[in-house]
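> Structure: protein-v5.cif, mmCIF, C-alpha atoms and all ligand atoms.
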```
data_run
loop_
_atom_site.label_atom_id
_atom_site.label_comp_id
_atom_site.auth_asym_id
_atom_site.auth_seq_id
_atom_site.Cartn_x
_atom_site.Cartn_y
_atom_site.Cartn_z
CA MET O 245 -7.08 -26.27 -56.61
CA THR O 246 -4.91 -29.34 -55.94
CA ARG O 247 -1.89 -28.68 -53.75
CA SER O 248 1.17 -30.86 -53.23
CA ILE O 249 2.44 -32.09 -49.88
CA THR O 250 5.57 -33.86 -48.65
CA ILE O 251 5.39 -35.58 -45.27
CA LEU O 252 8.61 -36.15 -43.33
CA GLY O 253 7.84 -38.81 -40.73
CA ALA O 254 4.78 -40.15 -42.56
CA THR O 255 4.53 -43.37 -40.51
CA GLY O 256 4.29 -41.60 -37.13
CA SER O 257 1.37 -40.25 -35.15
CA VAL O 258 1.39 -36.75 -36.70
CA GLY O 259 2.11 -38.29 -40.11
CA ALA O 260 -0.95 -40.52 -39.77
CA SER O 261 -3.18 -37.63 -38.70
CA THR O 262 -1.97 -35.58 -41.68
CA LEU O 263 -2.58 -38.44 -44.12
CA ASP O 264 -6.04 -38.97 -42.63
CA LEU O 265 -6.95 -35.42 -43.65
CA VAL O 266 -5.41 -35.90 -47.09
CA ARG O 267 -7.36 -39.18 -47.50
CA ARG O 268 -10.61 -37.36 -46.71
CA ASN O 269 -9.88 -34.67 -49.31
CA PRO O 270 -8.38 -36.54 -52.27
CA ASP O 271 -9.22 -33.83 -54.81
CA ASP O 272 -7.40 -31.17 -52.83
CA TRP O 273 -4.05 -32.93 -52.40
CA ARG O 274 -1.29 -34.63 -54.35
CA VAL O 275 1.45 -36.38 -52.36
CA GLU O 276 4.98 -35.58 -53.48
CA ALA O 277 7.20 -37.54 -51.06
CA LEU O 278 6.77 -39.60 -47.89
CA THR O 279 9.58 -40.53 -45.50
CA ALA O 280 10.07 -42.89 -42.54
CA HIS O 281 12.85 -44.14 -40.32
CA SER O 282 12.82 -47.94 -40.70
CA ASN O 283 9.24 -49.17 -41.18
CA VAL O 284 9.44 -50.22 -44.84
CA SER O 285 6.09 -52.00 -45.05
CA ASP O 286 4.04 -49.09 -43.68
CA LEU O 287 5.96 -46.57 -45.77
CA ALA O 288 5.54 -48.57 -48.98
CA ALA O 289 1.83 -49.15 -48.31
CA LEU O 290 1.22 -45.43 -47.72
CA ALA O 291 3.28 -44.37 -50.73
CA LYS O 292 1.25 -46.70 -52.96
CA GLU O 293 -2.10 -45.75 -51.43
CA PHE O 294 -1.44 -42.03 -51.92
CA GLY O 295 0.40 -42.33 -55.23
CA ALA O 296 3.47 -40.55 -53.85
CA LYS O 297 6.19 -39.69 -56.36
CA GLN O 298 8.89 -40.76 -53.92
CA ALA O 299 9.28 -42.81 -50.72
CA VAL O 300 12.41 -42.40 -48.61
CA ILE O 301 13.60 -44.68 -45.84
CA ALA O 302 16.17 -43.08 -43.53
CA ASP O 303 17.79 -46.41 -42.67
CA GLU O 304 20.07 -47.00 -45.66
CA ALA O 305 20.31 -50.75 -44.95
CA ARG O 306 16.64 -51.09 -45.93
CA TYR O 307 16.93 -49.64 -49.42
CA GLY O 308 16.69 -53.06 -51.10
CA GLU O 309 13.65 -53.97 -49.03
CA LEU O 310 11.94 -50.70 -49.98
CA LYS O 311 12.72 -51.15 -53.69
CA ASP O 312 11.20 -54.66 -53.55
CA ALA O 313 8.12 -53.39 -51.71
CA LEU O 314 7.59 -50.69 -54.35
CA ALA O 315 8.30 -52.91 -57.35
CA GLY O 316 5.65 -52.51 -60.04
CA SER O 317 4.41 -49.17 -58.66
CA ASN O 318 5.29 -45.71 -59.95
CA VAL O 319 6.83 -44.70 -56.63
CA GLU O 320 10.56 -43.96 -56.71
CA ALA O 321 12.53 -45.46 -53.78
CA ALA O 322 15.39 -43.70 -52.01
CA ALA O 323 17.28 -44.22 -48.77
CA GLY O 324 19.65 -42.52 -46.34
CA ARG O 325 20.03 -39.20 -44.58
CA ALA O 326 20.99 -37.26 -47.72
CA ALA O 327 17.93 -38.64 -49.51
CA LEU O 328 15.73 -37.36 -46.66
CA CYS O 329 17.08 -33.85 -47.25
CA GLU O 330 16.58 -34.19 -51.01
CA ALA O 331 12.97 -35.28 -50.42
CA ALA O 332 12.43 -32.29 -48.13
CA ALA O 333 13.83 -29.96 -50.79
CA ARG O 334 11.60 -31.25 -53.63
CA PRO O 335 9.03 -28.75 -54.87
CA ALA O 336 5.87 -28.97 -52.75
CA ASP O 337 3.25 -26.47 -51.66
CA ILE O 338 3.65 -27.60 -48.06
CA VAL O 339 6.17 -29.75 -46.20
CA MET O 340 4.89 -31.44 -43.04
CA ALA O 341 7.86 -31.79 -40.67
CA ALA O 342 6.80 -34.70 -38.43
CA ILE O 343 10.05 -36.54 -37.73
CA VAL O 344 10.73 -36.89 -34.01
CA GLY O 345 13.89 -35.42 -32.52
CA CYS O 346 16.93 -33.55 -33.79
CA ALA O 347 17.12 -36.22 -36.54
CA GLY O 348 14.54 -34.05 -38.35
CA LEU O 349 16.62 -30.88 -38.27
CA ALA O 350 18.66 -31.29 -41.48
CA PRO O 351 15.57 -32.12 -43.60
CA VAL O 352 13.63 -29.17 -42.12
CA MET O 353 16.55 -26.87 -42.95
CA ALA O 354 16.65 -28.28 -46.49
CA ALA O 355 12.97 -27.34 -46.97
CA ILE O 356 13.54 -23.89 -45.45
CA GLU O 357 16.50 -23.27 -47.78
CA GLN O 358 14.12 -23.77 -50.72
CA GLY O 359 11.81 -21.13 -49.23
CA ARG O 360 9.04 -23.67 -48.63
CA THR O 361 6.01 -23.46 -46.38
CA VAL O 362 6.86 -25.82 -43.53
CA ALA O 363 4.20 -27.08 -41.14
CA LEU O 364 6.39 -27.70 -38.11
CA ALA O 365 5.52 -30.46 -35.66
CA ASN O 366 9.18 -31.43 -35.11
CA LYS O 367 9.74 -29.06 -32.16
CA GLU O 368 13.17 -30.54 -31.31
CA ALA O 369 14.51 -29.16 -34.62
CA LEU O 370 13.54 -25.58 -33.76
CA VAL O 371 14.63 -25.94 -30.11
CA SER O 372 18.09 -27.17 -31.17
CA ALA O 373 18.70 -24.78 -34.03
CA GLY O 374 16.93 -21.70 -32.62
CA GLU O 375 18.25 -18.57 -34.32
CA VAL O 376 20.05 -20.64 -36.98
CA MET O 377 16.61 -21.78 -38.15
CA THR O 378 14.74 -18.48 -37.72
CA ALA O 379 17.54 -16.67 -39.60
CA ALA O 380 17.29 -19.20 -42.44
CA VAL O 381 13.51 -18.73 -42.59
CA GLU O 382 14.07 -14.99 -42.93
CA LYS O 383 16.89 -15.32 -45.48
CA HIS O 384 15.08 -17.76 -47.78
CA GLY O 385 11.59 -16.30 -47.42
CA ALA O 386 10.25 -19.56 -46.00
CA THR O 387 7.11 -19.80 -43.86
CA LEU O 388 6.80 -21.77 -40.61
CA LEU O 389 3.26 -22.80 -39.64
CA PRO O 390 3.13 -24.19 -36.10
CA VAL O 391 1.51 -27.65 -35.83
CA ASP O 392 2.11 -28.14 -32.11
CA SER O 393 -1.38 -27.60 -30.68
CA GLU O 394 -0.30 -24.88 -28.22
CA HIS O 395 1.66 -22.93 -30.81
CA ASN O 396 -1.06 -23.34 -33.37
CA ALA O 397 -3.48 -21.94 -30.76
CA ILE O 398 -1.18 -18.97 -30.12
CA PHE O 399 -0.73 -18.43 -33.87
CA GLN O 400 -4.52 -18.30 -34.25
CA CYS O 401 -4.94 -15.99 -31.22
CA LEU O 402 -2.30 -13.66 -32.69
CA GLN O 403 -4.63 -12.96 -35.63
CA GLY O 404 -6.46 -10.80 -33.06
CA GLY O 405 -3.71 -8.29 -32.38
CA ARG O 406 -0.07 -7.33 -32.93
CA LEU O 407 2.95 -9.01 -31.33
CA ASP O 408 4.04 -5.70 -29.77
CA GLU O 409 0.63 -5.42 -28.09
CA VAL O 410 0.95 -8.78 -26.31
CA ARG O 411 1.14 -8.65 -22.53
CA THR O 412 1.51 -12.41 -21.93
CA ILE O 413 1.35 -15.71 -23.75
CA THR O 414 0.12 -18.66 -21.68
CA LEU O 415 0.99 -22.18 -22.76
CA THR O 416 -1.39 -24.73 -21.30
CA ALA O 417 -0.05 -28.12 -20.16
CA SER O 418 -2.13 -31.17 -19.35
CA GLY O 419 0.36 -32.06 -16.63
CA GLY O 420 0.75 -35.52 -18.15
CA PRO O 421 -0.18 -38.92 -16.72
CA LEU O 422 2.02 -38.59 -13.60
CA ARG O 423 0.84 -35.26 -12.23
CA LEU O 424 -0.76 -36.94 -9.22
CA VAL O 425 1.52 -40.01 -9.00
CA GLU O 426 3.53 -39.96 -5.78
CA ASP O 427 6.52 -42.22 -6.39
CA LEU O 428 8.12 -41.04 -9.62
CA ASP O 429 11.02 -43.48 -9.20
CA ALA O 430 8.68 -46.44 -9.58
CA VAL O 431 7.12 -45.24 -12.87
CA THR O 432 7.37 -47.74 -15.76
CA PRO O 433 7.62 -46.79 -19.45
CA GLU O 434 4.04 -48.10 -19.93
CA GLN O 435 2.72 -45.73 -17.25
CA ALA O 436 4.68 -42.79 -18.63
CA ILE O 437 3.40 -43.37 -22.17
CA ALA O 438 -0.26 -43.64 -21.18
CA HIS O 439 -1.25 -40.02 -21.75
CA PRO O 440 -4.72 -39.14 -20.42
CA ASN O 441 -5.77 -36.84 -23.29
CA TRP O 442 -3.58 -37.35 -26.36
CA ASP O 443 -2.54 -40.37 -28.44
CA MET O 444 1.06 -39.67 -29.51
CA GLY O 445 4.46 -41.20 -30.31
CA ALA O 446 6.48 -42.73 -27.44
CA LYS O 447 9.08 -39.97 -27.13
CA ILE O 448 6.65 -37.05 -26.85
CA SER O 449 4.49 -39.11 -24.48
CA VAL O 450 7.43 -39.50 -22.09
CA ASP O 451 8.19 -35.79 -22.57
CA SER O 452 4.62 -35.01 -21.48
CA ALA O 453 5.11 -37.13 -18.37
CA THR O 454 8.39 -35.39 -17.40
CA MET O 455 7.06 -31.97 -18.54
CA PHE O 456 10.06 -31.67 -20.91
CA ASN O 457 7.44 -31.41 -23.64
CA LYS O 458 6.26 -28.13 -22.09
CA GLY O 459 9.88 -27.09 -21.58
CA LEU O 460 10.65 -27.67 -25.26
CA GLU O 461 7.43 -25.84 -26.13
CA LEU O 462 8.50 -22.85 -24.06
CA ILE O 463 11.69 -22.60 -26.16
CA GLU O 464 9.68 -23.24 -29.33
CA ALA O 465 7.26 -20.41 -28.44
CA HIS O 466 10.17 -18.10 -27.66
CA HIS O 467 11.43 -18.50 -31.26
CA LEU O 468 8.05 -18.52 -33.03
CA PHE O 469 6.58 -15.58 -31.11
CA PRO O 470 9.43 -13.28 -30.02
CA VAL O 471 7.71 -11.32 -27.24
CA GLY O 472 10.43 -11.99 -24.64
CA LEU O 473 10.74 -15.05 -22.41
CA ASP O 474 9.46 -13.18 -19.35
CA LYS O 475 6.08 -12.83 -21.07
CA ILE O 476 5.66 -16.55 -21.76
CA ARG O 477 3.97 -18.49 -18.96
CA ILE O 478 2.89 -22.07 -18.35
CA VAL O 479 -0.32 -23.16 -16.62
CA VAL O 480 -1.42 -26.73 -15.96
CA HIS O 481 -4.89 -27.38 -17.39
CA PRO O 482 -5.66 -31.11 -17.08
CA GLN O 483 -8.66 -31.16 -19.46
CA SER O 484 -6.61 -29.92 -22.49
CA VAL O 485 -9.59 -28.00 -23.86
CA ILE O 486 -7.92 -24.59 -23.99
CA HIS O 487 -4.80 -25.11 -26.11
CA SER O 488 -3.15 -21.78 -25.20
CA MET O 489 -3.93 -18.10 -24.75
CA VAL O 490 -2.71 -14.64 -25.68
CA GLU O 491 -3.36 -11.65 -23.43
CA TYR O 492 -3.18 -8.17 -24.97
CA ARG O 493 -2.27 -4.80 -23.43
CA ASP O 494 -5.94 -3.84 -23.03
CA GLY O 495 -6.66 -6.82 -20.75
CA SER O 496 -8.35 -8.94 -23.44
CA THR O 497 -7.29 -12.60 -23.46
CA LEU O 498 -7.93 -14.67 -26.59
CA ALA O 499 -7.91 -18.45 -26.27
CA GLN O 500 -8.28 -21.30 -28.77
CA LEU O 501 -10.37 -24.29 -27.69
CA GLY O 502 -10.92 -27.65 -29.27
CA PRO O 503 -10.77 -31.43 -28.92
CA SER O 504 -7.45 -33.15 -28.09
CA ASP O 505 -6.99 -34.32 -31.66
CA MET O 506 -3.99 -33.24 -33.71
CA ARG O 507 -6.10 -33.17 -36.85
CA VAL O 508 -7.45 -29.79 -35.68
CA PRO O 509 -4.12 -27.89 -35.59
CA ILE O 510 -2.89 -29.85 -38.64
CA ALA O 511 -6.01 -28.82 -40.59
CA SER O 512 -5.42 -25.22 -39.55
CA CYS O 513 -1.92 -25.41 -41.11
CA LEU O 514 -2.98 -27.30 -44.24
CA ALA O 515 -5.78 -24.87 -45.07
CA TYR O 516 -4.10 -21.67 -43.81
CA PRO O 517 -5.20 -18.93 -44.19
CA ALA O 518 -8.55 -20.57 -45.06
CA ARG O 519 -10.34 -23.31 -43.11
CA MET O 520 -11.15 -26.90 -43.99
CA ASP O 521 -13.55 -29.54 -42.66
CA THR O 522 -12.44 -32.13 -40.09
CA PRO O 523 -14.54 -34.99 -38.69
CA MET O 524 -14.68 -33.45 -35.19
CA ASP O 525 -17.79 -33.44 -33.02
CA PRO O 526 -18.91 -29.94 -32.04
CA LEU O 527 -17.31 -28.70 -28.80
CA ASP O 528 -19.72 -29.51 -25.96
CA LEU O 529 -18.67 -27.42 -22.97
CA ALA O 530 -21.66 -28.46 -20.85
CA ALA O 531 -20.62 -32.10 -21.25
CA ILE O 532 -17.03 -31.20 -20.27
CA GLY O 533 -18.43 -29.36 -17.25
CA GLU O 534 -15.36 -27.83 -15.65
CA LEU O 535 -12.04 -26.42 -16.74
CA SER O 536 -9.36 -26.23 -14.05
CA PHE O 537 -5.95 -24.57 -13.83
CA PHE O 538 -2.91 -25.10 -11.59
CA GLN O 539 0.58 -23.69 -11.14
CA PRO O 540 3.22 -26.18 -12.49
CA ASP O 541 5.12 -28.02 -9.73
CA GLU O 542 8.75 -27.44 -10.73
CA THR O 543 10.10 -29.26 -7.67
CA ARG O 544 8.65 -32.61 -8.73
CA PHE O 545 8.95 -31.82 -12.45
CA PRO O 546 12.07 -29.65 -12.96
CA ALA O 547 11.90 -29.79 -16.77
CA THR O 548 10.21 -26.42 -17.34
CA ARG O 549 12.69 -24.72 -15.00
CA LEU O 550 15.64 -26.30 -16.87
CA ALA O 551 14.16 -25.32 -20.22
CA ARG O 552 13.68 -21.71 -19.10
CA GLN O 553 17.29 -21.71 -17.90
CA ALA O 554 18.46 -23.02 -21.29
CA ALA O 555 16.33 -20.50 -23.18
CA GLU O 556 17.66 -17.62 -21.09
CA ALA O 557 21.25 -18.80 -21.59
CA GLY O 558 20.66 -19.25 -25.35
CA GLY O 559 23.61 -20.25 -27.53
CA ALA O 560 24.38 -23.97 -27.26
CA ALA O 561 22.20 -24.52 -24.17
CA PRO O 562 18.85 -25.40 -25.82
CA ALA O 563 20.45 -27.92 -28.23
CA THR O 564 22.33 -29.41 -25.28
CA LEU O 565 19.16 -29.70 -23.20
CA ASN O 566 17.29 -31.29 -26.10
CA ALA O 567 20.00 -33.83 -26.94
CA ALA O 568 20.47 -34.88 -23.31
CA ASN O 569 16.71 -35.33 -23.01
CA GLU O 570 16.49 -37.41 -26.20
CA VAL O 571 19.22 -39.77 -25.00
CA ALA O 572 17.76 -40.02 -21.49
CA VAL O 573 14.24 -40.72 -22.81
CA ALA O 574 15.59 -43.49 -25.06
CA ALA O 575 17.44 -45.00 -22.07
CA PHE O 576 14.29 -44.81 -19.93
CA LEU O 577 12.19 -46.46 -22.65
CA ALA O 578 14.84 -49.21 -22.93
CA GLY O 579 14.54 -49.84 -19.19
CA LYS O 580 18.08 -48.62 -18.49
CA ILE O 581 17.34 -45.68 -16.17
CA LYS O 582 14.62 -44.66 -13.74
CA PHE O 583 12.07 -42.02 -14.68
CA SER O 584 13.49 -39.38 -12.33
CA ARG O 585 16.97 -39.79 -13.85
CA ILE O 586 15.75 -38.22 -17.09
CA ALA O 587 15.57 -34.73 -15.59
CA LEU O 588 18.69 -35.35 -13.47
CA THR O 589 20.68 -36.30 -16.58
CA VAL O 590 19.53 -33.18 -18.43
CA ASP O 591 20.37 -31.02 -15.41
CA GLU O 592 23.86 -32.54 -15.12
CA VAL O 593 24.66 -32.17 -18.82
CA LEU O 594 23.27 -28.63 -19.03
CA ASN O 595 25.19 -27.55 -15.94
CA ALA O 596 28.43 -29.48 -16.58
CA GLY O 597 30.10 -26.19 -17.58
CA ASN O 598 32.06 -25.42 -20.76
CA LEU O 599 29.13 -25.31 -23.17
CA PRO O 600 30.35 -24.83 -26.75
CA PRO O 601 29.98 -21.38 -28.35
CA ALA O 602 26.62 -20.38 -29.88
CA PRO O 603 25.96 -22.26 -33.15
CA GLN O 604 26.22 -20.23 -36.36
CA SER O 605 25.24 -22.97 -38.79
CA LEU O 606 23.40 -26.27 -39.10
CA ASP O 607 26.73 -28.10 -38.79
CA ASP O 608 27.50 -26.29 -35.52
CA VAL O 609 24.12 -27.38 -34.13
CA LEU O 610 24.78 -31.00 -35.10
CA VAL O 611 28.21 -30.91 -33.42
CA ILE O 612 26.65 -29.54 -30.20
CA ASP O 613 23.91 -32.20 -30.40
CA GLU O 614 26.45 -35.00 -30.78
CA ALA O 615 28.65 -33.75 -27.92
CA ALA O 616 25.66 -33.50 -25.56
CA ARG O 617 24.55 -37.04 -26.49
CA LYS O 618 27.98 -38.38 -25.59
CA LEU O 619 28.05 -36.46 -22.31
CA ALA O 620 24.54 -37.62 -21.37
CA THR O 621 25.43 -41.24 -22.13
CA ALA O 622 28.56 -40.95 -19.99
CA HIS O 623 26.56 -39.41 -17.12
CA MET O 624 23.99 -42.19 -17.24
CA GLU O 625 26.66 -44.88 -17.25
CA THR O 626 28.39 -43.51 -14.15
CA ALA O 627 25.14 -42.78 -12.25
P1 LIG N 701 6.23 -40.78 -33.87
O1 LIG N 701 7.29 -41.47 -33.10
O2 LIG N 701 4.85 -41.33 -33.85
O3 LIG N 701 6.68 -40.66 -35.41
C1 LIG N 701 7.94 -40.19 -35.76
C2 LIG N 701 8.17 -40.28 -37.26
O4 LIG N 701 9.52 -39.89 -37.53
C3 LIG N 701 8.01 -41.70 -37.85
O5 LIG N 701 7.52 -41.61 -39.16
C4 LIG N 701 9.45 -42.23 -37.86
O6 LIG N 701 9.64 -43.21 -38.86
C5 LIG N 701 10.23 -40.97 -38.17
N1 LIG N 701 11.57 -41.01 -37.58
C6 LIG N 701 11.89 -41.33 -36.31
N2 LIG N 701 13.22 -41.27 -36.13
C7 LIG N 701 13.76 -40.91 -37.32
C8 LIG N 701 15.09 -40.72 -37.78
N3 LIG N 701 16.14 -40.88 -36.98
N4 LIG N 701 15.26 -40.36 -39.08
C9 LIG N 701 14.21 -40.19 -39.90
N5 LIG N 701 12.93 -40.38 -39.52
C10 LIG N 701 12.71 -40.73 -38.25
O7 LIG N 701 6.24 -39.26 -33.37
P2 LIG N 701 5.02 -38.23 -33.34
O8 LIG N 701 4.29 -38.38 -32.07
O9 LIG N 701 4.28 -38.25 -34.63
O10 LIG N 701 5.82 -36.86 -33.24
C11 LIG N 701 6.50 -36.27 -34.33
C12 LIG N 701 6.93 -34.87 -33.95
O11 LIG N 701 5.76 -34.07 -33.74
C13 LIG N 701 7.73 -34.80 -32.65
O12 LIG N 701 8.68 -33.79 -32.74
C14 LIG N 701 6.68 -34.41 -31.62
O13 LIG N 701 7.22 -33.71 -30.53
C15 LIG N 701 5.76 -33.52 -32.45
N6 LIG N 701 4.39 -33.45 -31.95
C16 LIG N 701 3.65 -34.59 -31.90
C17 LIG N 701 2.34 -34.54 -31.42
C18 LIG N 701 1.47 -35.76 -31.37
O14 LIG N 701 0.30 -35.68 -31.02
N7 LIG N 701 1.96 -36.94 -31.70
C19 LIG N 701 1.80 -33.32 -30.99
C20 LIG N 701 2.60 -32.19 -31.07
C21 LIG N 701 3.89 -32.25 -31.56
MG MG N 702 2.06 -29.55 -27.78
#
```
Could I get this structure in the form of structure tokens?


Amino acid sequence: MTRSITILGATGSVGASTLDLVRRNPDDWRVEALTAHSNVSDLAALAKEFGAKQAVIADEARYGELKDALAGSNVEAAAGRAALCEAAARPADIVMAAIVGCAGLAPVMAAIEQGRTVALANKEALVSAGEVMTAAVEKHGATLLPVDSEHNAIFQCLQGGRLDEVRTITLTASGGPLRLVEDLDAVTPEQAIAHPNWDMGAKISVDSATMFNKGLELIEAHHLFPVGLDKIRIVVHPQSVIHSMVEYRDGSTLAQLGPSDMRVPIASCLAYPARMDTPMDPLDLAAIGELSFFQPDETRFPATRLARQAAEAGGAAPATLNAANEVAVAAFLAGKIKFSRIALTVDEVLNAGNLPPAPQSLDDVLVIDEAARKLATAHMETA
């Protein structure tokens, strides 16, 4: 049976992996809407290739350009932040949330409010909104399917037992490209982006290098799998073969293994609860040879400690941590601050005191996000 899909962030790395699977299975999928930030030519080309009903560019100034690029096709053009939310709310069997950053939050909430099945890659949205999002999922009968490879692994391992029988959840971390680099102050954006195992967007690549990616994933796991923060652990596993593990009360640990290719967890979401083909080679453990595991070094990489602190504090803290990190990563990528200032900026903003009260609504989350961005920018300017 043909199913419909909307992809928020269609021109990105996760968007491309999702469309690759759709392209390989043209009879199974119909594309409803595709969105992008500012890349009109890629968006228009994809919308035409896949026969999307609608293409939305977030940058309103490019509406004319998008209309021109789609002239003569049957694809409807739209632009702006409100149009992104309208695209997310359109009827679709599955909405792939693959925008990067808190910019994806309002569209994700719009899909949730329609009770949709949302494949969630956009971890910053869940980290920032936390209970505001999980409460909306509950209220509107929506479904969140985790795309992030670790959370998808945990989701699969949880088919083997009940949440109240879980003893621990272990998130694996590759440790990023800088695990063994001595002078973190001298790291360039190029070095930070060069991930050893995964090919990803720039922001998440820097997050992997700082370990904020694992920090955000800790908070993400805390909301997706409410077993208690004290039961969620992190282990560094440089080969990225085991994507995460669940240990049960009887001492059994279930793990999910696979190649470092996002098409595997994406396929698991697209086909859920069934399975679909992907073009992956069979797992060859003898060729891989060894799997190794290390304790994270939170002195050199404080991100996971800061994220645990924010998760324990709850309320406005996770959105504040996320926003400060987004602003600091952008400044690092623009060559404005050193690598080690990313974590320092987050630490300063998170611990500046006077955090706003816990958000009760999407608007509250966006206000907290904006305030933390301003504070982080001010901290970086005076540093
Ligand atoms: P990317 O930078 O490659 O793509 C981001 C997409 O979002 C693009 O289509 C871009 O046009 C759009 N976008 C960016 N800013 C926007 C804005 N302000 N408004 C509207 N649209 C905007 O990022 P990615 O690597 O594909 O990551 C997407 C999300 O998935 C992130 O939250 C990331 O943490 C998560 N994720 C990615 C991977 C991966 O392998 N790339 C793995 C796990 C989780
Ligand atoms: Mg991940």

> Could you produce a table of the residues of region 526-612 of chain O lying within 6 Å of region 472-486 of chain O, with the nearest pair of atoms per residue and their separation in Å rounded to one decimal, using all atoms listed in the file, ordered by chain and increasing residue number, as CSV?


```
residue,atom,partner,partner_atom,distance
O:Ser536,CA,O:His481,CA,5.7
O:Phe537,CA,O:His481,CA,4.7
O:Phe538,CA,O:Val480,CA,4.9
O:Gln539,CA,O:Val479,CA,5.6
O:Pro540,CA,O:Val480,CA,5.8
```

> Neighbours of region 402-411 of chain O within 7 Å (all atoms listed in the file; same-chain residues fewer than 4 positions away dropped), as a PyMOL selection string?

chain O and resi 398+471+475+490-493

> Those same residues, written as a PDB file, in the coordinates of the input with C-alpha atoms?


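File produced: again_32.pdb:
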```pdb
ATOM      1  CA  ILE O 398      -1.180 -18.970 -30.120  1.00  0.00           C
ATOM      2  CA  VAL O 471       7.710 -11.320 -27.240  1.00  0.00           C
ATOM      3  CA  LYS O 475       6.080 -12.830 -21.070  1.00  0.00           C
ATOM      4  CA  VAL O 490      -2.710 -14.640 -25.680  1.00  0.00           C
ATOM      5  CA  GLU O 491      -3.360 -11.650 -23.430  1.00  0.00           C
ATOM      6  CA  TYR O 492      -3.180  -8.170 -24.970  1.00  0.00           C
ATOM      7  CA  ARG O 493      -2.270  -4.800 -23.430  1.00  0.00           C
TER       8      ARG O 493
END
```

> Counting all atoms listed in the file, which residue out of O:Trp273, O:Phe456, O:Phe583, O:Phe294 sits closest to ligand MG 702 (chain N)?

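Using all atoms listed in the file, ligand MG 702 (chain N) sits closest to O:Phe456.
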
> Please extract the residues at most 7 Å from ligand MG 702 (chain N), counting all atoms listed in the file, and provide them as a list in words, using the chain letters and residue numbers of this document.

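Result of the 7 Å neighbour search around ligand MG 702 (chain N): Asp392, Ser393, Glu394 and Glu461 of chain O.
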
> To one decimal place, how far is CA of Ala616 (chain O) from CA of Asn598 (chain O) in Å?

11.4 Å

> Interatomic distance between CA of Ala369 (chain O) and CA of Ala347 (chain O)?

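These two atoms are separated by 7.8 Å.
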
> Neighbouring residues of ligand LIG 701 (chain N) are defined here as those with any atom at most 8 Å from a ligand atom, counting all atoms listed in the file; list them as a PyMOL selection string.

chain O and resi 252-260+279-283+301-303+325+328+341-345+347-348+364-369+391-393+442-449+457+505-506

> Give me, as a list of chain:residue names, all polymer residues having an atom no more than 12 Å from Tyr516 (chain O), counting only C-alpha atoms and skipping those fewer than 2 positions away in the same chain.

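Contacts, with the query itself left out: O:Asp337, O:Ile338, O:Thr361, O:Val362, O:Ala363, O:Thr387, O:Leu388, O:Leu389, O:Pro390, O:Val391, O:Asn396, O:Phe399, O:Gln400, O:Gln403, O:Val508, O:Pro509, O:Ile510, O:Ala511, O:Ser512, O:Cys513, O:Leu514, O:Ala518, O:Arg519, O:Met520.
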
> Interatomic distance between CA of Val319 (chain O) and CA of Ser261 (chain O)?

21.7 Å

> Just want the 7 Å neighbourhood of Gly420 (chain O), counted on only C-alpha atoms, with same-chain residues fewer than 5 positions away dropped. Output as a PyMOL selection string.

chain O and resi 439-440+452-453

> Go through O:Leu370, O:Ala578, O:Ala515, O:Val352 one by one, measure the shortest atom-to-atom distance of each to Thr432 (chain O) using all atoms listed in the file, and give the residue with the smallest value.

O:Ala578

> Counting only C-alpha atoms, figure out which residue out of O:Lys311, O:Arg334, O:Arg617, O:Arg306 gets nearest to Pro351 (chain O).

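The answer is O:Arg334, which sits nearest to Pro351 (chain O).
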
> What's around Ala355 (chain O) at 9 Å? Count all atoms listed in the file, leave out sequence neighbours fewer than 3 positions away in its own chain, and write the answer as a CSV table (one decimal) with C-alpha atoms, in the coordinates of the input.


```
chain,number,residue,atom,x,y,z
O,329,CYS,CA,17.1,-33.8,-47.2
O,330,GLU,CA,16.6,-34.2,-51.0
O,331,ALA,CA,13.0,-35.3,-50.4
O,332,ALA,CA,12.4,-32.3,-48.1
O,333,ALA,CA,13.8,-30.0,-50.8
O,334,ARG,CA,11.6,-31.2,-53.6
O,335,PRO,CA,9.0,-28.8,-54.9
O,339,VAL,CA,6.2,-29.8,-46.2
O,350,ALA,CA,18.7,-31.3,-41.5
O,351,PRO,CA,15.6,-32.1,-43.6
O,352,VAL,CA,13.6,-29.2,-42.1
O,358,GLN,CA,14.1,-23.8,-50.7
O,359,GLY,CA,11.8,-21.1,-49.2
O,360,ARG,CA,9.0,-23.7,-48.6
O,361,THR,CA,6.0,-23.5,-46.4
O,362,VAL,CA,6.9,-25.8,-43.5
O,386,ALA,CA,10.2,-19.6,-46.0
```

> Using only C-alpha atoms, find all polymer residues with an atom at most 6 Å away from the point (2.0, -24.1, -21.1); report them as a ChimeraX atom specification.

/O:414-417,458,478-479

> I need every residue sitting at most 10 Å from the point (-1.9, -39.8, -47.7) (coordinates as in the file, all atoms listed in the file considered), written as a ChimeraX atom specification.

/O:249-251,254,259-270,273-278,290-296

> From the options O:Asp591, O:Asp427, O:Asp541, O:Glu464, which residue's atoms come nearest to Ala555 (chain O), counting only C-alpha atoms?

O:Glu464

> Residues within 12 Å of Arg544 (chain O), please, as a list in words. Count only C-alpha atoms; anything in the same chain fewer than 3 positions from it doesn't count.

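Answer for this query is Gly419, Leu422, Arg423, Leu424, Val425, Glu426, Asp427, Leu428, Asp429, Ala453, Thr454, Met455, Pro540, Asp541, Ala547, Thr548, Arg549, Phe583, Ser584, Ala587 and Leu588 of chain O.
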